[in-house]
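Data first, discussion second: the structure below is written as C-alpha cells.
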Amino acid sequence: MTRQPIVSSAHLVSEDAAELSEFEFGLNMAVNAYHRWVVRCMAAAGQDGLGALDVLVLHLVNHREREKRLSDLCFLLNIEDSHVVNYALKKLVKLALVATDRRGKETFYATTAAGQTLCQNYRDIRESCLIASHGALGGENQEIGAAARTLRALSGLYDQAARSAASL
C-alpha cells in the first residue's frame, strides 16, 4: 500500500519532492500551534494582549541581558520588514516591558525589570506546561535537535528560493 503524503495543496506536489509539500503542511500546522502557545503562555504569565511576534521580540530583547538594535532583532528573527518588528517594540515600550536608549542615530532596546520578571514567569509556565508534557510523552531531545538543524537548513533553502523568485 502506497502512503499518500498529507498536504494542504495537492496541486503543488512535485513527483520529485512530495515530502517537501508534506513538510510545508506540517510546518504551517506547527507554526500556528506554536504561535497560539506563546500567546497563551504569555497571558498566563501575566501579560494578555500580546501577539506571537510581540512575545518573540520580548524574549529576544531579554536574551543574555544584552541591548539589541532593531536590525539585530530583524536578523535574529529572519524578518526583512523592520516595520513589523518596530511596531512590536513600540507596543513593548508602551507597556514598560522594554526601554530604549538612543545613542546618536542608533536606538538600543533592553528589557525593564518588569519585562525580565515577565520573561521569568513565562519560563516557569513553560517548564510546568510544555517541558513536563514533553518529558511525560517520552520526547527525545536528540530528535528535536536534529529537527531544529533541519529547519535551519531548510530556511536557507527557502531564502535562496525567495531570492531566485524575486529575480524572475
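To be explicit about the labels: the chains of the C-alpha cells are called A, B, and onward in the order shown, and within each one the residues are counted from 1, while ligands get numbers from 1 in the order they are shown.
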- Query: Within 8 Å of Phe108 in chain A, counting only C-alpha atoms, which residues qualify if same-chain residues fewer than 6 places away don't, as a list in words?
  - Reply: Glu67, Lys68, Arg69, Leu70, Thr100, Asp101 and Arg102 of chain A
- From range 34-105 of chain A, collect each residue whose DSSP state is alpha helix (DSSP H) and return the set as an NGL selection string. :A and (34-45 or 52-62 or 70-77 or 82-94)
- Out of A:Ser82, A:Asn62, A:Ser167, A:Ser21, which residue has the shortest atom-to-atom distance to Tyr109 in chain A when counting only C-alpha atoms?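 Of the candidates, the smallest distance to Tyr109 in chain A is held by A:Asn62.
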- Among A:Leu130, A:Ile79, A:Val31, A:Ile6, Glu19 in chain A is approached most closely, using only C-alpha atoms, by A:Ile6
- Message: Taking only C-alpha atoms into account, name the residue in A:Gly49, A:Arg126, A:Asn28, A:Phe75 that is nearest to Leu95 in chain A.
- Response: A:Gly49
- Determine, counting only C-alpha atoms, which protein, DNA and RNA residues have an atom within 10 Å of an atom of Ala44 in chain A; residues of the same chain fewer than 2 positions away are not included. Present the result as an MDAnalysis selection string. chainID A and resid 38:42 46:48 121:122 125:126
- For Ala52 in chain A, which residue among A:Val93, A:Leu12, A:Leu76, A:Ala88 is the nearest when counting only C-alpha atoms?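 Looking only at the distances to Ala52 in chain A, the closest residue turns out to be A:Ala88.
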